[in-house]
Structures are given as C-alpha cells and as structure tokens.
>>> print(open('data_9.pdb').read())   # PDB, C-alpha atoms
ATOM      1  CA  MET A 224     122.030  88.429  88.898  1.00  0.00           C
ATOM      2  CA  PHE A 225     121.681  92.064  87.913  1.00  0.00           C
ATOM      3  CA  TYR A 226     118.773  93.973  86.395  1.00  0.00           C
ATOM      4  CA  THR A 227     118.468  97.026  84.151  1.00  0.00           C
ATOM      5  CA  VAL A 228     116.145  99.978  84.822  1.00  0.00           C
ATOM      6  CA  ILE A 229     113.530  98.439  82.507  1.00  0.00           C
ATOM      7  CA  GLU A 230     113.724  95.069  84.275  1.00  0.00           C
ATOM      8  CA  VAL A 231     113.487  96.737  87.689  1.00  0.00           C
ATOM      9  CA  SER A 232     110.460  98.634  86.406  1.00  0.00           C
ATOM     10  CA  GLN A 233     108.826  95.369  85.325  1.00  0.00           C
ATOM     11  CA  LYS A 234     109.621  93.670  88.638  1.00  0.00           C
ATOM     12  CA  THR A 235     108.540  96.531  90.906  1.00  0.00           C
ATOM     13  CA  GLY A 236     105.779  98.228  88.946  1.00  0.00           C
ATOM     14  CA  LEU A 237     107.636 101.530  89.268  1.00  0.00           C
ATOM     15  CA  SER A 238     108.029 103.581  86.131  1.00  0.00           C
ATOM     16  CA  PRO A 239     111.524 103.974  84.672  1.00  0.00           C
ATOM     17  CA  HIS A 240     111.067 107.708  85.321  1.00  0.00           C
ATOM     18  CA  THR A 241     110.521 107.050  89.068  1.00  0.00           C
ATOM     19  CA  ILE A 242     113.538 104.753  89.226  1.00  0.00           C
ATOM     20  CA  ARG A 243     115.718 107.382  87.559  1.00  0.00           C
ATOM     21  CA  TYR A 244     114.297 110.042  89.886  1.00  0.00           C
ATOM     22  CA  TYR A 245     115.338 107.991  92.922  1.00  0.00           C
ATOM     23  CA  LEU A 246     118.809 107.640  91.423  1.00  0.00           C
ATOM     24  CA  LYS A 247     119.016 111.400  90.774  1.00  0.00           C
ATOM     25  CA  GLU A 248     117.926 112.054  94.378  1.00  0.00           C
ATOM     26  CA  GLY A 249     120.871 110.009  95.648  1.00  0.00           C
ATOM     27  CA  LEU A 250     118.899 107.107  97.098  1.00  0.00           C
ATOM     28  CA  PHE A 251     121.200 104.593  95.383  1.00  0.00           C
ATOM     29  CA  PRO A 252     124.684 106.114  95.507  1.00  0.00           C
ATOM     30  CA  ALA A 253     126.579 102.884  94.775  1.00  0.00           C
ATOM     31  CA  ILE A 254     124.772 101.468  91.732  1.00  0.00           C
ATOM     32  CA  LYS A 255     127.050  99.389  89.537  1.00  0.00           C
ATOM     33  CA  ARG A 256     127.356  99.952  85.811  1.00  0.00           C
ATOM     34  CA  ASP A 257     128.390  97.617  83.040  1.00  0.00           C
ATOM     35  CA  SER A 258     131.023  98.431  80.414  1.00  0.00           C
ATOM     36  CA  ARG A 259     128.444 100.383  78.363  1.00  0.00           C
ATOM     37  CA  GLY A 260     127.392 102.469  81.382  1.00  0.00           C
ATOM     38  CA  THR A 261     124.065 100.713  81.873  1.00  0.00           C
ATOM     39  CA  ARG A 262     122.981 100.753  85.504  1.00  0.00           C
ATOM     40  CA  LEU A 263     122.841  97.304  87.098  1.00  0.00           C
ATOM     41  CA  PHE A 264     120.567  96.659  90.067  1.00  0.00           C
ATOM     42  CA  SER A 265     120.856  93.701  92.435  1.00  0.00           C
ATOM     43  CA  GLN A 266     118.032  91.805  94.102  1.00  0.00           C
ATOM     44  CA  THR A 267     118.853  93.788  97.259  1.00  0.00           C
ATOM     45  CA  ASP A 268     118.360  97.012  95.287  1.00  0.00           C
ATOM     46  CA  ILE A 269     114.937  95.776  94.166  1.00  0.00           C
ATOM     47  CA  GLU A 270     114.044  95.102  97.803  1.00  0.00           C
ATOM     48  CA  THR A 271     115.256  98.609  98.619  1.00  0.00           C
ATOM     49  CA  PHE A 272     112.835 100.040  96.031  1.00  0.00           C
ATOM     50  CA  TYR A 273     110.038  98.247  97.884  1.00  0.00           C
ATOM     51  CA  MET A 274     111.188  99.774 101.192  1.00  0.00           C
ATOM     52  CA  ILE A 275     111.446 103.242  99.661  1.00  0.00           C
ATOM     53  CA  GLU A 276     107.897 102.990  98.337  1.00  0.00           C
ATOM     54  CA  CYS A 277     106.728 101.810 101.749  1.00  0.00           C
ATOM     55  CA  MET A 278     108.477 104.711 103.485  1.00  0.00           C
ATOM     56  CA  LYS A 279     106.867 107.146 101.022  1.00  0.00           C
ATOM     57  CA  ARG A 280     103.416 105.688 101.727  1.00  0.00           C
ATOM     58  CA  CYS A 281     104.165 106.133 105.436  1.00  0.00           C
ATOM     59  CA  GLY A 282     104.638 109.849 104.835  1.00  0.00           C
ATOM     60  CA  MET A 283     108.417 110.072 104.757  1.00  0.00           C
ATOM     61  CA  THR A 284     109.912 112.706 102.499  1.00  0.00           C
ATOM     62  CA  ILE A 285     112.600 112.019  99.909  1.00  0.00           C
ATOM     63  CA  SER A 286     114.957 113.985 102.154  1.00  0.00           C
ATOM     64  CA  GLU A 287     114.218 111.697 105.128  1.00  0.00           C
ATOM     65  CA  ILE A 288     114.613 108.623 102.954  1.00  0.00           C
ATOM     66  CA  ARG A 289     117.906 109.958 101.584  1.00  0.00           C
ATOM     67  CA  GLN A 290     119.134 110.522 105.158  1.00  0.00           C
ATOM     68  CA  TYR A 291     118.132 106.977 106.071  1.00  0.00           C
ATOM     69  CA  MET A 292     119.913 105.580 103.002  1.00  0.00           C
ATOM     70  CA  THR A 293     123.032 107.558 103.971  1.00  0.00           C
ATOM     71  CA  TRP A 294     122.914 106.181 107.526  1.00  0.00           C
ATOM     72  CA  LEU A 295     122.445 102.701 106.126  1.00  0.00           C
ATOM     73  CA  ALA A 296     125.433 103.039 103.796  1.00  0.00           C
ATOM     74  CA  GLU A 297     127.618 104.363 106.618  1.00  0.00           C
ATOM     75  CA  GLY A 298     127.014 101.258 108.686  1.00  0.00           C
ATOM     76  CA  ASP A 299     126.689 100.248 112.298  1.00  0.00           C
ATOM     77  CA  GLN A 300     127.433 103.627 113.872  1.00  0.00           C
ATOM     78  CA  ASN A 301     123.965 104.765 112.721  1.00  0.00           C
ATOM     79  CA  ILE A 302     121.865 101.963 114.215  1.00  0.00           C
ATOM     80  CA  GLU A 303     120.496 104.315 116.888  1.00  0.00           C
ATOM     81  CA  GLN A 304     119.509 106.987 114.327  1.00  0.00           C
ATOM     82  CA  CYS A 305     117.770 104.390 112.138  1.00  0.00           C
ATOM     83  CA  LEU A 306     115.959 102.951 115.138  1.00  0.00           C
ATOM     84  CA  ASN A 307     114.815 106.389 116.280  1.00  0.00           C
ATOM     85  CA  LEU A 308     113.609 107.274 112.782  1.00  0.00           C
ATOM     86  CA  PHE A 309     111.430 104.178 112.603  1.00  0.00           C
ATOM     87  CA  ARG A 310     110.241 104.448 116.213  1.00  0.00           C
ATOM     88  CA  GLU A 311     108.988 107.952 115.457  1.00  0.00           C
ATOM     89  CA  LYS A 312     107.311 106.768 112.257  1.00  0.00           C
ATOM     90  CA  GLN A 313     105.776 103.878 114.237  1.00  0.00           C
ATOM     91  CA  ARG A 314     104.368 106.342 116.789  1.00  0.00           C
ATOM     92  CA  ILE A 315     102.863 108.542 114.076  1.00  0.00           C
ATOM     93  CA  LEU A 316     101.372 105.586 112.195  1.00  0.00           C
ATOM     94  CA  SER A 317      99.830 104.198 115.386  1.00  0.00           C
ATOM     95  CA  LYS A 318      97.995 107.487 115.892  1.00  0.00           C
ATOM     96  CA  GLU A 319      96.871 107.521 112.255  1.00  0.00           C
ATOM     97  CA  LEU A 320      95.662 103.923 112.507  1.00  0.00           C
ATOM     98  CA  GLN A 321      93.626 104.783 115.600  1.00  0.00           C
ATOM     99  CA  LYS A 322      91.990 107.671 113.744  1.00  0.00           C
ATOM    100  CA  LEU A 323      91.231 105.400 110.774  1.00  0.00           C
ATOM    101  CA  LYS A 324      89.747 102.782 113.137  1.00  0.00           C
ATOM    102  CA  GLU A 325      87.463 105.420 114.623  1.00  0.00           C
ATOM    103  CA  CYS A 326      86.395 106.498 111.121  1.00  0.00           C
ATOM    104  CA  ALA A 327      85.773 102.879 110.098  1.00  0.00           C
ATOM    105  CA  ASP A 328      83.668 102.358 113.233  1.00  0.00           C
ATOM    106  CA  ALA A 329      81.599 105.462 112.450  1.00  0.00           C
ATOM    107  CA  VAL A 330      81.026 104.214 108.900  1.00  0.00           C
ATOM    108  CA  ASP A 331      80.050 100.766 110.249  1.00  0.00           C
ATOM    109  CA  TYR A 332      77.558 102.480 112.546  1.00  0.00           C
ATOM    110  CA  LYS A 333      76.059 104.497 109.692  1.00  0.00           C
ATOM    111  CA  VAL A 334      75.759 101.381 107.511  1.00  0.00           C
ATOM    112  CA  TRP A 335      73.930  99.608 110.340  1.00  0.00           C
ATOM    113  CA  TYR A 336      71.796 102.722 110.949  1.00  0.00           C
ATOM    114  CA  TYR A 337      70.676 103.030 107.341  1.00  0.00           C
ATOM    115  CA  GLU A 338      70.184  99.285 106.887  1.00  0.00           C
ATOM    116  CA  LYS A 339      67.736  99.352 109.824  1.00  0.00           C
ATOM    117  CA  ALA A 340      66.013 102.439 108.403  1.00  0.00           C
ATOM    118  CA  LYS A 341      65.743 100.781 104.996  1.00  0.00           C
ATOM    119  CA  GLU A 342      64.239  97.608 106.527  1.00  0.00           C
ATOM    120  CA  ALA A 343      61.657  99.725 108.378  1.00  0.00           C
ATOM    121  CA  GLY A 344      61.116 102.131 105.500  1.00  0.00           C
ATOM    122  CA  THR A 345      61.767 105.133 107.732  1.00  0.00           C
ATOM    123  CA  LEU A 346      64.550 106.874 109.611  1.00  0.00           C
ATOM    124  CA  SER A 347      62.247 107.274 112.598  1.00  0.00           C
ATOM    125  CA  VAL A 348      62.714 103.585 113.397  1.00  0.00           C
ATOM    126  CA  HIS A 349      65.720 104.482 115.517  1.00  0.00           C
ATOM    127  CA  GLY A 350      63.587 106.541 117.883  1.00  0.00           C
ATOM    128  CA  THR A 351      61.430 103.519 118.590  1.00  0.00           C
ATOM    129  CA  MET A 352      64.186 100.918 119.018  1.00  0.00           C
ATOM    130  CA  LYS A 353      64.731  99.440 122.438  1.00  0.00           C
ATOM    131  CA  LYS A 354      68.269  99.478 123.786  1.00  0.00           C
ATOM    132  CA  GLU A 355      68.427  95.672 123.662  1.00  0.00           C
ATOM    133  CA  ASP A 356      67.615  95.816 119.922  1.00  0.00           C
ATOM    134  CA  ILE A 357      70.792  97.767 119.274  1.00  0.00           C
ATOM    135  CA  PRO A 358      73.930  95.605 119.038  1.00  0.00           C
ATOM    136  CA  ASP A 359      76.476  96.310 121.792  1.00  0.00           C
ATOM    137  CA  ARG A 360      79.128  97.361 119.289  1.00  0.00           C
ATOM    138  CA  MET A 361      76.758  99.897 117.703  1.00  0.00           C
ATOM    139  CA  GLN A 362      75.857 101.266 121.150  1.00  0.00           C
ATOM    140  CA  THR A 363      79.553 101.665 121.950  1.00  0.00           C
ATOM    141  CA  ILE A 364      80.302 103.425 118.665  1.00  0.00           C
ATOM    142  CA  ARG A 365      77.287 105.709 119.008  1.00  0.00           C
ATOM    143  CA  SER A 366      78.278 106.624 122.565  1.00  0.00           C
ATOM    144  CA  ARG A 367      81.785 107.478 121.370  1.00  0.00           C
ATOM    145  CA  MET A 368      80.371 109.604 118.540  1.00  0.00           C
ATOM    146  CA  ILE A 369      78.046 111.471 120.933  1.00  0.00           C
ATOM    147  CA  HIS A 370      80.947 112.032 123.360  1.00  0.00           C
ATOM    148  CA  VAL A 371      83.115 113.470 120.578  1.00  0.00           C
ATOM    149  CA  LYS A 372      80.241 115.680 119.411  1.00  0.00           C
ATOM    150  CA  ARG A 373      79.739 117.014 122.957  1.00  0.00           C
ATOM    151  CA  MET A 374      83.470 117.682 123.352  1.00  0.00           C
ATOM    152  CA  THR A 375      83.469 119.565 120.033  1.00  0.00           C
ATOM    153  CA  GLU A 376      80.435 121.621 121.078  1.00  0.00           C
ATOM    154  CA  GLU A 377      82.124 122.482 124.397  1.00  0.00           C
ATOM    155  CA  ASP A 378      85.270 123.555 122.541  1.00  0.00           C
ATOM    156  CA  ASP A 379      83.160 125.758 120.262  1.00  0.00           C
ATOM    157  CA  GLY A 380      81.397 126.980 123.389  1.00  0.00           C
TER     158      GLY A 380
END
>>> encode(input="data_9.pdb", output="structure tokens")
Amino acid sequence: MFYTVIEVSQKTGLSPHTIRYYLKEGLFPAIKRDSRGTRLFSQTDIETFYMIECMKRCGMTISEIRQYMTWLAEGDQNIEQCLNLFREKQRILSKELQKLKECADAVDYKVWYYEKAKEAGTLSVHGTMKKEDIPDRMQTIRSRMIHVKRMTEEDDG
C-alpha cells in the first residue's frame, strides 16, 4: 500500500510542508510516483519519517541525517559508519540524560524543601531539622548540590 503526502501527514502528524522539505533536502531520494506524478510513500517510508523526527530531537542536523540516509541507501559497506554515528549520538545523549537527572534531583529536593517549609510555616524549619528527619535521598542530593557549589566557587576563586 502506498500513501500520498496528505495521507503521510495524517499518519505521522507532520505537516505537508515538513514532508516536502524533507524531500527537497534529499532525505528520500527514491520516492516512487504514480502516472500523474503524485509521490507515493510506503509503510517503510512512514517509519523513516518517524526515525528522522527522532534523530532531529536527538540533535542531529539535516546534513547528518542526509548523510545517514545516503549511507543507508548505499548498503552494507556503510554499516561501520552508521554504527559510529549512532554510538556517538548515544554517548552525547547519555551525558545529556545525566545532566537532566541531576536537574530533576535538584528540583525534587527543592519541592521537598518547600513542602517542609510550608508545613512548618517558615523556611527556618530546615535549620532546626535533625539529620534523621531528612530523607536519605534528600541528604544525598543536597550534598551533591553543596559539592557542585563549592567546586564552582573554587573555579571562580
């Protein structure tokens, strides 16, 4: 079964403009056309649109995606290049995920901090809390935040 640009748009949520842009950028060099010249996309092409959108969200440029699509079209001789491309992206994303985890932990700590202050009606409650009243996870996050702050102060030194 084949799909038109409009049908692909409905299936993927991409605008027809975006689909045509990807075509213009050479991401789909072998799209079939019917006798009237209407582009015809396969189910595999629709899956490729999903992958392209994923690669964009991962920070890949259109140029990088085009290179990947070229390697893919050329076949098995480019397995190593494709693998290296995605290994590098995997490495970068792992670092970004770690940073996001640290940010999420800091936000969790602040939510806990302000919930306790709200319960007590004052921010000074934290100065009177015993260590055993502070959940282990919050102690760990706070220690990490203090360590980062000290490292930053030393760098500013």
>>> closest_residue(input="data_9.pdb", among="A:His349, A:Lys234, A:Arg280, A:Arg289", to="A:Leu250", atoms="only C-alpha atoms")
A:Arg289
>>> residues_around(input="data_9.pdb", residues="A:Phe225", least_positions_apart="2", cutoff="10 Å", atoms="only C-alpha atoms", output="list in words")
Thr227, Glu230, Val231, Lys255, Arg256, Asp257, Arg262, Leu263, Phe264, Ser265, Gln266, Thr267, Asp268 and Ile269 of chain A
>>> closest_residue(input="data_9.pdb", among="A:Cys305, A:Asp328, A:Lys279, A:Gly298", to="A:Arg367", atoms="all atoms listed in the file")
A:Asp328
>>> resolve_selection(input="data_9.pdb", expression="the PyMOL selection byres ((chain A and resi 252) around 9)", output="list in words")
Leu246, Gly249, Leu250, Phe251, Ala253, Ile254, Met292, Thr293 and Ala296 of chain A
>>> atom_distance(input="data_9.pdb", atom1="atom CA of A:Asp299", atom2="atom CA of A:Tyr244")
27.4 Å
>>> atom_distance(input="data_9.pdb", atom1="atom CA of A:Glu355", atom2="atom CA of A:Lys339")
14.3 Å
>>> closest_residue(input="data_9.pdb", among="A:Val348, A:Leu295, A:Ile364, A:Ile302", to="A:Lys324", atoms="only C-alpha atoms")
A:Ile364
>>> resolve_selection(input="data_9.pdb", expression="the PyMOL selection byres ((chain A and resi 285) around 9)", output="PyMOL selection string")
chain A and resi 245+248+250+275+279+283-284+286-290
>>> residues_around(input="data_9.pdb", residues="A:Lys333", least_positions_apart="3", cutoff="12 Å", atoms="all atoms listed in the file", output="list in words")
Cys326, Ala327, Asp328, Ala329, Val330, Tyr336, Tyr337, Glu338, Lys339, Ala340, Lys341, Leu346, His349, Met361, Gln362, Ile364, Arg365 and Met368 of chain A
>>> atom_distance(input="data_9.pdb", atom1="atom CA of A:Tyr291", atom2="atom CA of A:Thr235")
20.8 Å
>>> closest_residue(input="data_9.pdb", among="A:Cys281, A:Thr345, A:Lys354, A:Trp335", to="A:Ser317", atoms="only C-alpha atoms")
A:Cys281
>>> build_atoms(input="data_9.pdb", residues="stretch 345-362 of chain A", atoms="N, CA and C atoms", output="mmCIF file, keeping the file's coordinate frame")
data_model
loop_
_atom_site.group_PDB
_atom_site.id
_atom_site.type_symbol
_atom_site.label_atom_id
_atom_site.label_comp_id
_atom_site.auth_asym_id
_atom_site.auth_seq_id
_atom_site.Cartn_x
_atom_site.Cartn_y
_atom_site.Cartn_z
ATOM 1 N N THR A 345 61.759 103.792 107.148
ATOM 2 C CA THR A 345 61.767 105.133 107.732
ATOM 3 C C THR A 345 62.971 105.319 108.656
ATOM 4 N N LEU A 346 63.465 106.553 108.678
ATOM 5 C CA LEU A 346 64.550 106.874 109.611
ATOM 6 C C LEU A 346 64.063 106.940 111.054
ATOM 7 N N SER A 347 62.776 107.145 111.236
ATOM 8 C CA SER A 347 62.247 107.274 112.598
ATOM 9 C C SER A 347 62.284 105.963 113.371
ATOM 10 N N VAL A 348 62.632 104.867 112.707
ATOM 11 C CA VAL A 348 62.714 103.585 113.397
ATOM 12 C C VAL A 348 63.681 103.642 114.579
ATOM 13 N N HIS A 349 64.708 104.427 114.458
ATOM 14 C CA HIS A 349 65.720 104.482 115.517
ATOM 15 C C HIS A 349 65.177 105.080 116.801
ATOM 16 N N GLY A 350 64.211 105.956 116.693
ATOM 17 C CA GLY A 350 63.587 106.541 117.883
ATOM 18 C C GLY A 350 62.708 105.554 118.629
ATOM 19 N N THR A 351 62.315 104.492 117.948
ATOM 20 C CA THR A 351 61.430 103.519 118.590
ATOM 21 C C THR A 351 62.155 102.234 118.995
ATOM 22 N N MET A 352 63.434 102.143 118.695
ATOM 23 C CA MET A 352 64.186 100.918 119.018
ATOM 24 C C MET A 352 64.500 100.861 120.504
ATOM 25 N N LYS A 353 64.340 99.662 121.054
ATOM 26 C CA LYS A 353 64.731 99.440 122.438
ATOM 27 C C LYS A 353 66.242 99.250 122.495
ATOM 28 N N LYS A 354 66.816 99.585 123.635
ATOM 29 C CA LYS A 354 68.269 99.478 123.786
ATOM 30 C C LYS A 354 68.754 98.069 123.479
ATOM 31 N N GLU A 355 68.012 97.070 123.890
ATOM 32 C CA GLU A 355 68.427 95.672 123.662
ATOM 33 C C GLU A 355 68.357 95.264 122.182
ATOM 34 N N ASP A 356 67.677 96.083 121.361
ATOM 35 C CA ASP A 356 67.615 95.816 119.922
ATOM 36 C C ASP A 356 68.836 96.375 119.176
ATOM 37 N N ILE A 357 69.606 97.161 119.882
ATOM 38 C CA ILE A 357 70.792 97.767 119.274
ATOM 39 C C ILE A 357 72.007 96.935 119.674
ATOM 40 N N PRO A 358 72.743 96.413 118.702
ATOM 41 C CA PRO A 358 73.930 95.605 119.038
ATOM 42 C C PRO A 358 74.903 96.386 119.934
ATOM 43 N N ASP A 359 75.548 95.676 120.846
ATOM 44 C CA ASP A 359 76.476 96.310 121.792
ATOM 45 C C ASP A 359 77.518 97.159 121.077
ATOM 46 N N ARG A 360 78.079 96.624 120.004
ATOM 47 C CA ARG A 360 79.128 97.361 119.289
ATOM 48 C C ARG A 360 78.585 98.685 118.756
ATOM 49 N N MET A 361 77.342 98.669 118.237
ATOM 50 C CA MET A 361 76.758 99.897 117.703
ATOM 51 C C MET A 361 76.467 100.886 118.836
ATOM 52 N N GLN A 362 76.068 100.387 119.996
ATOM 53 C CA GLN A 362 75.857 101.266 121.150
ATOM 54 C C GLN A 362 77.167 101.931 121.559
#
